[in-house]
Amino acid sequence: MSEEKVIVLKPKRPDFEEIYFSGSQGSLFFSSTTRGRTVTTIVVGLILLIMFFFKDDFTKEKFGILYFASFLFLLCAVFLSVSINKVSRWKKQVNRYLTKLENCKIYEITFDQNFFTVNIDDEKETSEWKDFEYFDSNNEFITVEGKYSYMFPRKSMSEKDYNILKQVLKQNIKE
């Protein structure tokens with residue numbers, strides 16, 4: 001592969017959204033990041049609620065349990081809110097990126113023996129092959145991670161280009 005190869009992508013927002021927000025990834029309360037914390041907060045909240053209804057049956061010595069459960073609920077709520085904030089910021093970044101793609105005139109991948117370049121409206125990001133740490137592909141998309149991270153939907157390029165890109169990435173990125 002001594003010559004330079006260019007793959008032109010035709011980005012459509014729904015193609016990218018389908019991948020970025022598949023499953024419950026975009027859900028604030030039930031994404032992979034927040035699901036466990038949401039469930040834990042609900043369970044601790046229910047335990048606290050049940051304890052609150054039976055607080056009259058507590059002796060003075062056992063009243064500390066109610067305070068402890070309240071503290072646990074507060075702690076869970078704080079951790080949940082931090083996770084929700086993280087997912088919310090990620091969604092904003094993705095939406096900003098998708099808006100940029102939606103309005104772009106040029107979106108192309110250029111690569112040769114030494115370099116891999118992504119060009120979005122003349123904003124070029126060039127990496128050497130050694131800068132990439134990981135790549136993965138499936139029937140939906142190709143993902144590349146390293147100095148810069150990328151996700152290229154299969155629907156945004158021709159089948160021939162998708163297979164060429166997959167083959168070149170497999171040859172040049174050492175797993």
# chains A, B, ... in the order shown; residues from 1 in each chain; ligands from 1
>>> residues_around(residues="stretch 88-91 of chain A", least_positions_apart="4", cutoff="8 Å", atoms="only C-alpha atoms", output="PyMOL selection string")
chain A and resi 26+28+84+95
>>> select_by_dssp(residues="stretch 40-132 of chain A", states="helix (DSSP H, G or I)", output="ChimeraX atom specification")
/A:40-53,55-57,63-102,129-131
>>> atom_distance(atom1="atom CA of A:Glu145", atom2="atom CA of A:Glu133")
5.9 Å
>>> closest_residue(among="A:Leu74, A:Val94, A:Ile7, A:Ile65", to="A:Thr40", atoms="only C-alpha atoms")
A:Leu74
>>> residues_around(residues="A:Phe132", least_positions_apart="6", cutoff="8 Å", atoms="only C-alpha atoms", output="list in words")
Val144, Glu145, Gly146, Lys147, Tyr148 and Ile173 of chain A
>>> atom_distance(atom1="atom CA of A:Val168", atom2="atom CA of A:Arg96")
29.2 Å
>>> select_by_dssp(residues="stretch 9-170 of chain A", states="strand (DSSP E)", output="ChimeraX atom specification")
/A:107-111,115-120,123-128,132-137,141-146,150-153
>>> atom_distance(atom1="atom CA of A:Glu108", atom2="atom CA of A:Val8")
4.3 Å
